[in-house]
Each structure stands twice: as C-alpha cells, then as structure tokens.
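Below: protein.csv (CSV, C-alpha atoms)
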chain,number,residue,atom,x,y,z
A,25,MET,CA,-103.8,-21.9,-25.7
A,26,TYR,CA,-100.7,-19.7,-26.1
A,27,THR,CA,-101.9,-17.2,-23.6
A,28,ALA,CA,-103.0,-20.0,-21.1
A,29,ALA,CA,-99.5,-21.6,-21.4
A,30,SER,CA,-98.0,-18.2,-20.7
A,31,PHE,CA,-100.1,-17.8,-17.6
A,32,ALA,CA,-99.2,-21.3,-16.4
A,33,ALA,CA,-95.5,-20.5,-16.9
A,34,GLY,CA,-95.8,-17.3,-14.9
A,35,PHE,CA,-97.7,-19.1,-12.2
A,36,VAL,CA,-95.3,-22.0,-11.8
A,37,PHE,CA,-92.4,-19.4,-11.9
A,38,GLY,CA,-94.1,-17.6,-9.0
A,39,LEU,CA,-94.6,-20.8,-7.0
A,40,GLY,CA,-90.9,-21.6,-7.5
A,41,LEU,CA,-89.9,-18.1,-6.2
A,42,LEU,CA,-92.1,-18.7,-3.1
A,43,VAL,CA,-90.8,-22.3,-2.4
A,44,SER,CA,-87.2,-21.3,-2.9
A,45,GLY,CA,-87.5,-18.3,-0.6
A,46,MET,CA,-86.4,-15.9,-3.3
A,47,ALA,CA,-89.6,-13.9,-3.0
A,48,ASN,CA,-88.2,-13.0,0.5
A,49,PRO,CA,-85.9,-10.0,-0.1
A,50,ALA,CA,-84.2,-10.5,3.3
A,51,LYS,CA,-83.1,-14.0,2.1
A,52,VAL,CA,-81.8,-12.6,-1.2
A,53,LEU,CA,-79.8,-10.0,0.7
A,54,GLY,CA,-78.4,-12.8,2.9
A,55,PHE,CA,-76.9,-14.2,-0.3
A,56,LEU,CA,-75.5,-10.9,-1.5
A,57,ASP,CA,-73.9,-10.2,1.9
A,58,LEU,CA,-70.7,-12.1,1.4
A,59,ALA,CA,-68.9,-10.4,4.2
A,60,GLY,CA,-71.6,-11.1,6.8
A,61,ALA,CA,-73.4,-14.2,7.8
A,62,TRP,CA,-73.7,-15.7,4.3
A,63,ASP,CA,-76.8,-17.6,3.1
A,64,PRO,CA,-75.7,-19.6,0.0
A,65,SER,CA,-79.4,-20.6,-0.8
A,66,LEU,CA,-79.6,-18.4,-4.0
A,67,ALA,CA,-76.7,-20.3,-5.6
A,68,LEU,CA,-78.6,-23.6,-5.1
A,69,VAL,CA,-81.8,-22.0,-6.5
A,70,MET,CA,-79.8,-21.1,-9.6
A,71,ALA,CA,-78.3,-24.6,-9.8
A,72,GLY,CA,-81.7,-26.3,-9.5
A,73,ALA,CA,-83.2,-24.0,-12.1
A,74,VAL,CA,-80.4,-24.4,-14.6
A,75,ALA,CA,-80.3,-28.2,-14.2
A,76,VAL,CA,-84.0,-28.4,-15.3
A,77,GLY,CA,-83.9,-25.5,-17.8
A,78,ALA,CA,-80.8,-26.6,-19.7
A,79,GLY,CA,-82.6,-29.8,-20.9
A,80,ALA,CA,-85.5,-27.8,-22.3
A,81,PHE,CA,-83.3,-25.3,-24.1
A,82,ALA,CA,-81.2,-28.1,-25.6
A,83,PHE,CA,-84.4,-29.7,-26.8
A,84,MET,CA,-85.5,-26.5,-28.4
A,85,LYS,CA,-82.2,-25.7,-30.0
A,86,GLU,CA,-82.8,-27.1,-33.5
A,87,ARG,CA,-86.6,-26.6,-33.5
A,88,THR,CA,-88.3,-23.8,-35.4
A,89,ARG,CA,-91.8,-24.5,-33.9
A,90,THR,CA,-92.8,-25.1,-30.3
A,91,LEU,CA,-95.0,-28.0,-29.2
A,92,LEU,CA,-98.0,-25.7,-29.6
A,93,GLY,CA,-96.8,-24.8,-33.2
A,94,ALA,CA,-95.8,-21.3,-32.3
A,95,PRO,CA,-92.6,-19.8,-33.8
A,96,VAL,CA,-89.5,-20.2,-31.6
A,97,LEU,CA,-88.3,-16.7,-30.6
A,98,LEU,CA,-85.2,-17.4,-28.6
A,99,PRO,CA,-82.7,-14.6,-28.9
A,100,SER,CA,-79.3,-15.3,-30.5
A,101,PRO,CA,-77.2,-12.1,-30.1
A,102,ARG,CA,-73.8,-13.0,-28.6
A,103,ARG,CA,-72.2,-9.6,-28.5
A,104,ILE,CA,-71.0,-8.5,-25.1
A,105,ASP,CA,-71.2,-4.7,-25.3
A,106,ARG,CA,-71.0,-1.7,-23.0
A,107,ARG,CA,-74.8,-1.4,-22.9
A,108,LEU,CA,-75.2,-5.0,-21.6
A,109,ILE,CA,-72.5,-4.6,-18.9
A,110,LEU,CA,-73.4,-1.1,-17.7
A,111,GLY,CA,-77.2,-1.9,-17.7
A,112,SER,CA,-76.5,-5.1,-15.7
A,113,LEU,CA,-74.3,-3.2,-13.2
A,114,VAL,CA,-77.0,-0.6,-12.6
A,115,PHE,CA,-79.5,-3.4,-12.1
A,116,GLY,CA,-77.2,-5.0,-9.6
A,117,VAL,CA,-76.9,-1.9,-7.6
A,118,GLY,CA,-80.7,-1.6,-7.3
A,119,TRP,CA,-80.9,-5.3,-6.6
A,120,GLY,CA,-78.4,-4.9,-3.7
A,121,LEU,CA,-80.2,-1.9,-2.3
A,122,ALA,CA,-83.5,-3.8,-1.8
A,123,GLY,CA,-83.0,-7.5,-2.5
A,124,ILE,CA,-85.8,-7.4,-5.1
A,125,CYS,CA,-85.6,-8.2,-8.8
A,126,PRO,CA,-88.4,-8.1,-11.3
A,127,GLY,CA,-89.9,-11.5,-10.7
A,128,PRO,CA,-90.1,-11.3,-6.9
A,129,ALA,CA,-91.4,-7.7,-7.3
A,130,LEU,CA,-94.5,-9.1,-9.0
A,131,VAL,CA,-94.9,-11.9,-6.4
A,132,LEU,CA,-94.5,-9.4,-3.6
A,133,ALA,CA,-97.2,-7.2,-5.2
A,134,GLY,CA,-99.5,-10.3,-5.4
A,135,ALA,CA,-98.8,-11.0,-1.7
A,136,GLY,CA,-100.1,-7.6,-0.9
A,137,SER,CA,-96.8,-6.2,0.4
A,138,ALA,CA,-96.9,-2.3,0.5
A,139,LYS,CA,-93.2,-2.1,0.1
A,140,GLY,CA,-93.3,-4.6,-2.8
A,141,LEU,CA,-95.9,-2.3,-4.5
A,142,VAL,CA,-93.7,0.8,-4.0
A,143,PHE,CA,-90.7,-1.0,-5.5
A,144,LEU,CA,-92.9,-2.3,-8.4
A,145,ALA,CA,-94.2,1.2,-9.1
A,146,ALA,CA,-90.6,2.6,-9.1
A,147,MET,CA,-89.5,-0.2,-11.4
A,148,ILE,CA,-92.2,0.5,-13.9
A,149,ALA,CA,-91.3,4.2,-13.7
A,150,GLY,CA,-87.7,3.1,-14.4
A,151,ASN,CA,-89.0,1.3,-17.5
A,152,GLY,CA,-90.6,4.6,-18.5
A,153,VAL,CA,-87.3,6.4,-18.2
A,154,PHE,CA,-85.7,3.8,-20.4
A,155,GLU,CA,-88.5,4.1,-23.0
A,156,PHE,CA,-88.3,7.9,-23.0
A,157,PHE,CA,-84.6,7.9,-23.8
A,158,GLU,CA,-84.9,5.1,-26.4
A,159,LYS,CA,-87.7,7.0,-28.1
A,160,LYS,CA,-85.6,10.2,-28.1
A,161,LYS,CA,-82.7,8.3,-29.7
A,162,ARG,CA,-85.0,6.9,-32.4
A,163,VAL,CA,-86.4,10.3,-33.2
A,164,ALA,CA,-83.1,12.2,-33.1
A,165,PRO,CA,-81.7,12.7,-36.6
A,166,GLY,CA,-78.6,10.7,-37.2
A,167,PRO,CA,-75.9,11.0,-39.9
A,168,ALA,CA,-77.9,8.5,-42.0
A,169,PRO,CA,-81.3,9.6,-43.4
A,170,VAL,CA,-84.0,8.6,-41.0
A,171,ARG,CA,-87.0,6.9,-42.4
A,172,SER,CA,-90.1,8.7,-41.3
A,173,SER,CA,-92.8,6.5,-39.8
B,15,MET,CA,-66.9,-15.3,4.9
B,16,SER,CA,-68.9,-17.5,7.3
B,17,ILE,CA,-72.0,-19.5,6.3
B,18,ASP,CA,-75.2,-18.8,8.2
B,19,TRP,CA,-76.3,-22.4,8.7
B,20,ASN,CA,-79.5,-21.3,10.3
B,21,ALA,CA,-80.6,-19.3,7.3
B,22,PHE,CA,-79.3,-21.7,4.7
B,23,THR,CA,-82.2,-23.8,3.2
B,24,PRO,CA,-80.5,-26.2,0.7
B,25,ALA,CA,-83.6,-28.5,0.2
B,26,SER,CA,-86.2,-25.8,-0.5
B,27,ALA,CA,-83.7,-23.8,-2.5
B,28,LEU,CA,-83.0,-26.8,-4.8
B,29,ILE,CA,-86.7,-27.8,-5.1
B,30,GLY,CA,-87.8,-24.2,-5.6
B,31,GLY,CA,-85.0,-23.7,-8.1
B,32,ALA,CA,-86.1,-26.8,-10.0
B,33,ILE,CA,-89.7,-25.4,-10.1
B,34,ILE,CA,-88.4,-22.1,-11.5
B,35,GLY,CA,-86.5,-24.1,-14.1
B,36,ALA,CA,-89.6,-26.1,-14.9
B,37,ALA,CA,-91.5,-22.8,-15.5
B,38,ALA,CA,-88.7,-21.6,-17.9
B,39,ALA,CA,-88.8,-25.0,-19.6
B,40,LEU,CA,-92.5,-24.9,-20.0
B,41,PHE,CA,-92.3,-21.4,-21.5
B,42,ALA,CA,-89.5,-22.4,-23.9
B,43,VAL,CA,-91.2,-25.6,-25.1
B,44,LEU,CA,-94.7,-24.2,-25.4
B,45,ASN,CA,-94.3,-20.5,-26.1
B,46,GLY,CA,-90.8,-20.5,-27.6
B,47,ARG,CA,-89.7,-17.6,-25.5
B,48,ILE,CA,-87.3,-16.7,-22.8
B,49,ALA,CA,-89.0,-16.4,-19.4
B,50,GLY,CA,-87.4,-13.1,-18.7
B,51,VAL,CA,-89.6,-11.1,-16.4
B,52,SER,CA,-88.1,-7.6,-17.0
B,53,GLY,CA,-88.4,-8.0,-20.8
B,54,ILE,CA,-91.9,-9.5,-20.6
B,55,LEU,CA,-93.1,-6.6,-18.4
B,56,GLY,CA,-91.1,-4.0,-20.3
B,57,GLY,CA,-92.6,-5.0,-23.6
B,58,LEU,CA,-95.9,-3.8,-22.3
B,59,ALA,CA,-94.6,-0.2,-22.4
B,60,ARG,CA,-94.6,-0.4,-26.2
B,61,PRO,CA,-97.7,-2.5,-26.9
B,62,GLN,CA,-98.0,-4.1,-30.4
B,63,ALA,CA,-100.9,-5.9,-31.8
B,64,GLY,CA,-100.8,-9.6,-30.9
B,65,ASP,CA,-98.0,-9.1,-28.5
B,66,VAL,CA,-99.9,-8.0,-25.4
B,67,SER,CA,-102.1,-10.8,-24.0
B,68,TRP,CA,-99.3,-13.4,-23.5
B,69,ARG,CA,-97.3,-10.8,-21.6
B,70,ILE,CA,-100.2,-9.9,-19.4
B,71,ALA,CA,-100.9,-13.6,-18.8
B,72,PHE,CA,-97.4,-14.3,-17.7
B,73,VAL,CA,-97.3,-11.3,-15.3
B,74,ALA,CA,-100.8,-12.3,-14.0
B,75,GLY,CA,-99.5,-15.8,-13.3
B,76,LEU,CA,-96.6,-14.4,-11.2
B,77,VAL,CA,-99.0,-12.1,-9.2
B,78,ALA,CA,-101.6,-15.0,-8.8
B,79,ALA,CA,-99.0,-17.4,-7.4
B,80,PRO,CA,-98.9,-15.9,-3.9
B,81,LEU,CA,-102.7,-15.4,-4.0
B,82,ALA,CA,-103.3,-19.1,-4.7
B,83,TRP,CA,-100.6,-20.1,-2.1
B,84,GLY,CA,-102.4,-17.9,0.5
B,85,LEU,CA,-105.6,-19.8,-0.1
B,86,LEU,CA,-104.1,-23.1,0.8
B,87,ALA,CA,-101.4,-22.3,3.3
B,88,ALA,CA,-99.8,-19.5,5.2
B,89,LEU,CA,-97.3,-17.5,3.1
B,90,LEU,CA,-93.7,-18.1,4.0
B,91,GLU,CA,-91.8,-15.3,5.6
B,92,ILE,CA,-91.4,-12.2,3.5
B,93,ARG,CA,-89.3,-9.5,5.0
B,94,VAL,CA,-88.5,-6.2,3.3
B,95,ASP,CA,-85.9,-4.3,5.3
B,96,ALA,CA,-85.3,-1.5,2.8
B,97,SER,CA,-86.8,1.9,3.7
B,98,PHE,CA,-89.3,3.5,1.3
B,99,PRO,CA,-86.8,6.0,-0.2
B,100,ALA,CA,-84.3,3.1,-0.7
B,101,LEU,CA,-87.1,1.0,-2.4
B,102,VAL,CA,-87.9,3.9,-4.8
B,103,ALA,CA,-84.2,4.3,-5.7
B,104,ALA,CA,-83.8,0.5,-6.0
B,105,GLY,CA,-86.9,0.1,-8.2
B,106,LEU,CA,-85.8,2.9,-10.5
B,107,LEU,CA,-82.3,1.4,-10.9
B,108,VAL,CA,-83.7,-2.1,-11.5
B,109,GLY,CA,-86.2,-0.7,-14.0
B,110,ILE,CA,-83.6,1.2,-16.0
B,111,GLY,CA,-80.7,-1.3,-15.6
B,112,THR,CA,-82.6,-4.4,-16.6
B,113,ARG,CA,-83.9,-2.7,-19.8
B,114,TYR,CA,-80.5,-1.4,-20.9
B,115,GLY,CA,-78.9,-4.7,-19.9
B,116,GLY,CA,-81.6,-6.6,-21.8
B,117,GLY,CA,-82.5,-8.9,-18.9
B,118,CYS,CA,-82.5,-9.7,-15.2
B,119,THR,CA,-82.1,-12.7,-12.9
B,120,SER,CA,-84.7,-14.7,-14.8
B,121,GLY,CA,-83.8,-13.9,-18.4
B,122,HIS,CA,-80.0,-13.7,-18.1
B,123,GLY,CA,-79.6,-15.6,-14.9
B,124,VAL,CA,-81.8,-18.7,-15.2
B,125,CYS,CA,-82.5,-18.9,-18.9
B,126,GLY,CA,-79.3,-17.5,-20.2
B,127,ILE,CA,-77.1,-19.7,-18.1
B,128,SER,CA,-79.3,-22.7,-19.0
B,129,ARG,CA,-78.5,-21.9,-22.7
B,130,ALA,CA,-74.8,-21.3,-21.9
B,131,SER,CA,-75.1,-17.9,-23.5
B,132,PRO,CA,-71.9,-15.9,-23.1
B,133,ARG,CA,-73.8,-12.7,-23.2
B,134,SER,CA,-76.1,-13.7,-20.4
B,135,ILE,CA,-73.2,-15.2,-18.3
B,136,ALA,CA,-71.4,-11.8,-18.6
B,137,ALA,CA,-74.5,-10.0,-17.6
B,138,THR,CA,-75.0,-12.3,-14.6
B,139,VAL,CA,-71.5,-11.8,-13.4
B,140,ALA,CA,-71.9,-8.1,-13.7
B,141,PHE,CA,-75.2,-7.8,-11.8
B,142,MET,CA,-74.0,-10.3,-9.1
B,143,ALA,CA,-70.8,-8.3,-8.7
B,144,ALA,CA,-72.7,-5.1,-8.4
B,145,GLY,CA,-75.1,-6.7,-5.9
B,146,PHE,CA,-72.3,-8.0,-3.7
B,147,ALA,CA,-70.5,-4.6,-3.8
B,148,THR,CA,-73.7,-2.7,-3.0
B,149,VAL,CA,-74.6,-4.8,0.0
B,150,TYR,CA,-71.0,-4.6,1.2
B,151,VAL,CA,-71.0,-0.8,1.1
B,152,ALA,CA,-74.5,-0.6,2.6
B,153,ARG,CA,-74.0,-3.1,5.4
B,154,HIS,CA,-70.3,-2.9,6.2
B,155,LEU,CA,-69.1,0.6,5.3
B,156,ILE,CA,-72.1,2.9,5.7
B,157,ALA,CA,-74.0,1.1,8.5
B,158,PRO,CA,-71.7,-1.5,10.1
Can you present the structure in this file as structure tokens?
Amino acid sequence: MYTAASFAAGFVFGLGLLVSGMANPAKVLGFLDLAGAWDPSLALVMAGAVAVGAGAFAFMKERTRTLLGAPVLLPSPRRIDRRLILGSLVFGVGWGLAGICPGPALVLAGAGSAKGLVFLAAMIAGNGVFEFFEKKKRVAPGPAPVRSS
Amino acid sequence: MSIDWNAFTPASALIGGAIIGAAAALFAVLNGRIAGVSGILGGLARPQAGDVSWRIAFVAGLVAAPLAWGLLAALLEIRVDASFPALVAAGLLVGIGTRYGGGCTSGHGVCGISRASPRSIAATVAFMAAGFATVYVARHLIAP
C-alpha cells in the first residue's frame, strides 16, 4: 500500500508537471528570462501547488502517523547554512542553463526525449560526485575518534 | 521587463500547479514524506533495506505519467533548446547542487514553501536568483 501510494504520488506529480507546462524546458526558461519576453506561468504553478499543499502539511503538523499508519518523516531542521545556500546556487545555475530540474528530467525521460535522457544521466552522475565526496568526508579521520563500521 | 502574453498560460499553470500540490499532499498524508524529487532519487545512491521500493515507485510514477498521457492524447509541446554539452554541464550542476542544498524545486520549492519552512524559502530564493542570473548572462550578455 505504501509503495502503491508512492507510485500514485509520483504519477500525479508528473501529470501536474505536464498540465502546467513545467515539463517543457523552453517554458521554464521563459520564466527565468526576466529581461526578455517574460512568461510568468511558473509563478502561478507555484501558487497553485502551495495553495493545495499548505492544507495537507497543516493537517499533518501534529500527527505522528499518516492515514496509512506509517511514521511521519517530515524534516524539521531550520538552520540556514552555507551548504544550503551554496548548493542551491549551484542548482540554480544548472537549472538556468537547461531549464530542467529533477522532476521534469524524469518526465522528459519518460516522454522519450533524448536530450532529457542526457540531462538525467548527467544529473545522476552529479549525484555520484556528491556521494563520492560525502563518503570521503565520512571516512576521513577527524579530530574526534571515528567509530569504525 | 515585458510580459509575453502569448506564452503566458495562467489557467493551465494554476490547474497544473494544483495537481502538483495534490501530489505533494497525497504523499504527505499517506507516506508522511516530502515529495522532493532530488532527495527521493538521490537516496537510491545509498540503498538501505526497506527504503528502496517506495523511492523506485515514486520515480516510476513520474516516468509513467508522460507514457500514460501519450496513450490518451498527444503530448504537449516539449522543447529543449540547450545543446548536448550544455545539458551535460547543467545535469551535473543540478545533480551536485540539489544534494548539497538538500532539495530542489519540488522539495524546497513546492513542499517547503507550503510548510513555510524558512530553510526552504531561503533555498528557493537562492536557486531562483541563480537561475535568473544564469539566463540573463546566457541570453543577454553572451548571446544577445
């Protein structure tokens, strides 16, 4: 049930990206091009999504179990650090280069777009780069004694 | 700034946005998780027992959406203007940046703003600003 609900959420998310036009990178770039002929659509996509999403997250706020009885795993860190901002800036540069972010990358792949698949492959490689450096950091001996696995 | 009224699609943007919000709501209410695509996909790089199938299911749902759509109707316009080298660079930056930043347009953007998370709002401002700046440089400084 949990896995089926996850599939359904991904599927509905993908439909929303298609309906809203956000699976079309040219349209996303039309939003990011403030100095050109500006297409404000993305702002309305966000507004529509937040209007519906906010109710659900408010409903879940005090709950410890979901409607399926699964534990609620919504993150709670509030710290705004360098890692968050630098990572987001790097993401934004990549987003601006192609007009594709992770959700639409998967939808484009499903639509059989060769360019979408190339982007997705590079994005997964980027994940690999992140994992490589994270692993190195975990293995590297720090000032405190490192617990061996 | 001038609005491109021919490209602007307010109705489908709002409706599509509401559908995206419904997906995030469904995922929060049933699965108790943030519908953040970069994190869901990225978690597969470090697979842990019991933590794999729901990730694959969510990703499969996203990939299946255009397939199902294509069975019933013609797919709407999808235009990728970026060159292959630009796509590789963009994909790498998105892959690295979203993991360090802990989220993307879905996790920080849609879900984070829905929860009024200061962290996610800061991240969204940062990646939007970088996106605006990048398109400005690419379209108006390098290739005007």
Practice task
List every protein, DNA or RNA residue that has an atom no more than 12 Å from (-98.0, -20.7, -1.4) in the file's coordinate frame, counting all atoms listed in the file, and report them as a ChimeraX atom specification.
Solution key: /A:35-45,47,131,134-135 /B:30,76-92
Quick one: write out the picked residues with C-alpha atoms as a compact mmCIF listing (two decimals), keeping the file's coordinate frame?
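Listed below is the output, result00.txt:
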# COMPACT_ATOMS: atom_id res chain seq x y z
CA PHE A 35 -97.70 -19.10 -12.20
CA VAL A 36 -95.30 -22.00 -11.80
CA PHE A 37 -92.40 -19.40 -11.90
CA GLY A 38 -94.10 -17.60 -9.00
CA LEU A 39 -94.60 -20.80 -7.00
CA GLY A 40 -90.90 -21.60 -7.50
CA LEU A 41 -89.90 -18.10 -6.20
CA LEU A 42 -92.10 -18.70 -3.10
CA VAL A 43 -90.80 -22.30 -2.40
CA SER A 44 -87.20 -21.30 -2.90
CA GLY A 45 -87.50 -18.30 -0.60
CA ALA A 47 -89.60 -13.90 -3.00
CA VAL A 131 -94.90 -11.90 -6.40
CA GLY A 134 -99.50 -10.30 -5.40
CA ALA A 135 -98.80 -11.00 -1.70
CA GLY B 30 -87.80 -24.20 -5.60
CA LEU B 76 -96.60 -14.40 -11.20
CA VAL B 77 -99.00 -12.10 -9.20
CA ALA B 78 -101.60 -15.00 -8.80
CA ALA B 79 -99.00 -17.40 -7.40
CA PRO B 80 -98.90 -15.90 -3.90
CA LEU B 81 -102.70 -15.40 -4.00
CA ALA B 82 -103.30 -19.10 -4.70
CA TRP B 83 -100.60 -20.10 -2.10
CA GLY B 84 -102.40 -17.90 0.50
CA LEU B 85 -105.60 -19.80 -0.10
CA LEU B 86 -104.10 -23.10 0.80
CA ALA B 87 -101.40 -22.30 3.30
CA ALA B 88 -99.80 -19.50 5.20
CA LEU B 89 -97.30 -17.50 3.10
CA LEU B 90 -93.70 -18.10 4.00
CA GLU B 91 -91.80 -15.30 5.60
CA ILE B 92 -91.40 -12.20 3.50
Problem - Residue with smallest distance to A:Glu158 - pool B:Ile110, B:Leu58, B:Ile48, B:Val102, counting all atoms listed in the file - result: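 Using all atoms listed in the file, A:Glu158 sits closest to B:Ile110.
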Problem - Residue among B:Trp68, B:Phe98, B:Gly53, B:Ala130 lying closest to A:Pro126, counting all atoms listed in the file - result: B:Gly53
Practice task
Determine, counting all atoms listed in the file, every residue of protein, DNA or RNA that lies within 12 Å of (-79.4, -23.7, -6.6) in the file coordinates, then give the result as a PyMOL selection string.
Solution key: (chain A and resi 40-41+44-46+55+63-76) or (chain B and resi 22-35+123-124)
Need to verify the contact set: B:Leu107, 8 Å, all atoms listed in the file, exclusion of same-chain residues closer than 2 positions in sequence. Can you return it as a PDB file with C-alpha atoms, in the coordinates of the input?
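Everything below was put into result-v8.pdb:
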ATOM      1  CA  VAL A 114     -77.000  -0.600 -12.600  1.00  0.00           C
ATOM      2  CA  PHE A 115     -79.500  -3.400 -12.100  1.00  0.00           C
ATOM      3  CA  VAL A 117     -76.900  -1.900  -7.600  1.00  0.00           C
ATOM      4  CA  GLY A 118     -80.700  -1.600  -7.300  1.00  0.00           C
ATOM      5  CA  MET A 147     -89.500  -0.200 -11.400  1.00  0.00           C
ATOM      6  CA  GLY A 150     -87.700   3.100 -14.400  1.00  0.00           C
TER       7      GLY A 150
ATOM      8  CA  ALA B 103     -84.200   4.300  -5.700  1.00  0.00           C
ATOM      9  CA  ALA B 104     -83.800   0.500  -6.000  1.00  0.00           C
ATOM     10  CA  GLY B 105     -86.900   0.100  -8.200  1.00  0.00           C
ATOM     11  CA  GLY B 109     -86.200  -0.700 -14.000  1.00  0.00           C
ATOM     12  CA  ILE B 110     -83.600   1.200 -16.000  1.00  0.00           C
ATOM     13  CA  GLY B 111     -80.700  -1.300 -15.600  1.00  0.00           C
TER      14      GLY B 111
END
Handout entry: Two-atom distance - atom CA of B:Phe41, atom CA of A:Cys125 (Å)
Key =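 Calculated distance between atom CA of B:Phe41 and atom CA of A:Cys125 is 19.5 Å.
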Exercise for the section: Write out as a list in words the residues lying within 12 Å of B:Ala144, counting only C-alpha atoms and excluding same-chain residues fewer than 4 positions away. Expected result: Leu56, Asp57, Ile109, Leu110, Gly111, Ser112, Leu113, Val114, Phe115, Gly116, Val117, Gly118, Trp119, Gly120 and Leu121 of chain A; Leu107, Val108, Gly111, Ala137, Thr138, Val139, Ala140, Thr148, Val149, Tyr150 and Val151 of chain B
Handout entry: Atom-to-atom span, atom CA of B:Val43 and atom CA of B:Gly121, Å
Key =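 If I compute the distance from atom CA of B:Val43 to atom CA of B:Gly121, I get 15.4 Å.
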Exercise for the section: Pick out the residues sitting within 12 Å of A:Ala94, and hand them over as an MDAnalysis selection string; count all atoms listed in the file, and ignore anything fewer than 2 positions along from it in its own chain. Expected result: (chainID A and resid 25:27 29 87:92 96:98) or (chainID B and resid 41:47)
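Proximity of A:Gly136, A:Lys161, A:Ala122, A:Glu86 to chain B, computed with only C-alpha atoms, is greatest for A:Ala122.
With only C-alpha atoms as the atoms that count, the residue of B:Arg153, B:Gly57, B:Ser128, B:Ile135 with the shortest distance to chain A is B:Ser128.
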Problem - Minimum-distance residue to A:Arg106, chosen among B:Ala49, B:His154, B:Arg129, B:Ala136 (using all atoms listed in the file) - result: B:Ala136
Completion exercise
In terms of all atoms listed in the file, the residue from A:Gly93, A:Ile124, A:Val52, A:Ala146 at minimal distance from chain B is A:Ala146
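As for atom CA of A:Leu132 and atom CA of A:Leu144, they are spaced 8.7 Å apart.
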Missing atoms of stretch 27-46 of chain A rebuilt to N, CA and C atoms, written as an mmCIF file, in the frame of the given file:
data_model
loop_
_atom_site.group_PDB
_atom_site.id
_atom_site.type_symbol
_atom_site.label_atom_id
_atom_site.label_comp_id
_atom_site.auth_asym_id
_atom_site.auth_seq_id
_atom_site.Cartn_x
_atom_site.Cartn_y
_atom_site.Cartn_z
ATOM 1 N N THR A 27 -101.779 -18.125 -24.727
ATOM 2 C CA THR A 27 -101.900 -17.200 -23.600
ATOM 3 C C THR A 27 -102.050 -18.035 -22.287
ATOM 4 N N ALA A 28 -102.796 -19.137 -22.339
ATOM 5 C CA ALA A 28 -103.000 -20.000 -21.100
ATOM 6 C C ALA A 28 -101.626 -20.571 -20.721
ATOM 7 N N ALA A 29 -100.820 -21.002 -21.696
ATOM 8 C CA ALA A 29 -99.500 -21.600 -21.400
ATOM 9 C C ALA A 29 -98.621 -20.494 -20.746
ATOM 10 N N SER A 30 -98.774 -19.262 -21.215
ATOM 11 C CA SER A 30 -98.000 -18.200 -20.700
ATOM 12 C C SER A 30 -98.380 -17.909 -19.208
ATOM 13 N N PHE A 31 -99.690 -17.953 -18.948
ATOM 14 C CA PHE A 31 -100.100 -17.800 -17.600
ATOM 15 C C PHE A 31 -99.587 -18.897 -16.682
ATOM 16 N N ALA A 32 -99.659 -20.131 -17.185
ATOM 17 C CA ALA A 32 -99.200 -21.300 -16.400
ATOM 18 C C ALA A 32 -97.688 -21.127 -16.097
ATOM 19 N N ALA A 33 -96.907 -20.692 -17.089
ATOM 20 C CA ALA A 33 -95.500 -20.500 -16.900
ATOM 21 C C ALA A 33 -95.209 -19.471 -15.803
ATOM 22 N N GLY A 34 -95.928 -18.360 -15.880
ATOM 23 C CA GLY A 34 -95.800 -17.300 -14.900
ATOM 24 C C GLY A 34 -96.165 -17.787 -13.498
ATOM 25 N N PHE A 35 -97.237 -18.549 -13.451
ATOM 26 C CA PHE A 35 -97.700 -19.100 -12.200
ATOM 27 C C PHE A 35 -96.744 -20.034 -11.538
ATOM 28 N N VAL A 36 -96.241 -20.976 -12.337
ATOM 29 C CA VAL A 36 -95.300 -22.000 -11.800
ATOM 30 C C VAL A 36 -93.990 -21.226 -11.401
ATOM 31 N N PHE A 37 -93.596 -20.223 -12.190
ATOM 32 C CA PHE A 37 -92.400 -19.400 -11.900
ATOM 33 C C PHE A 37 -92.601 -18.782 -10.476
ATOM 34 N N GLY A 38 -93.789 -18.220 -10.268
ATOM 35 C CA GLY A 38 -94.100 -17.600 -9.000
ATOM 36 C C GLY A 38 -94.052 -18.557 -7.831
ATOM 37 N N LEU A 39 -94.598 -19.758 -8.049
ATOM 38 C CA LEU A 39 -94.600 -20.800 -7.000
ATOM 39 C C LEU A 39 -93.106 -21.142 -6.676
ATOM 40 N N GLY A 40 -92.280 -21.255 -7.719
ATOM 41 C CA GLY A 40 -90.900 -21.600 -7.500
ATOM 42 C C GLY A 40 -90.171 -20.496 -6.685
ATOM 43 N N LEU A 41 -90.500 -19.232 -6.967
ATOM 44 C CA LEU A 41 -89.900 -18.100 -6.200
ATOM 45 C C LEU A 41 -90.332 -18.228 -4.729
ATOM 46 N N LEU A 42 -91.591 -18.609 -4.490
ATOM 47 C CA LEU A 42 -92.100 -18.700 -3.100
ATOM 48 C C LEU A 42 -91.426 -19.903 -2.396
ATOM 49 N N VAL A 43 -91.410 -21.069 -3.049
ATOM 50 C CA VAL A 43 -90.800 -22.300 -2.400
ATOM 51 C C VAL A 43 -89.356 -22.056 -2.113
ATOM 52 N N SER A 44 -88.640 -21.443 -3.062
ATOM 53 C CA SER A 44 -87.200 -21.300 -2.900
ATOM 54 C C SER A 44 -86.809 -20.236 -1.879
ATOM 55 N N GLY A 45 -87.772 -19.404 -1.498
ATOM 56 C CA GLY A 45 -87.500 -18.300 -0.600
ATOM 57 C C GLY A 45 -86.969 -17.066 -1.255
ATOM 58 N N MET A 46 -86.915 -17.086 -2.595
ATOM 59 C CA MET A 46 -86.400 -15.900 -3.300
ATOM 60 C C MET A 46 -87.383 -14.793 -3.433
#
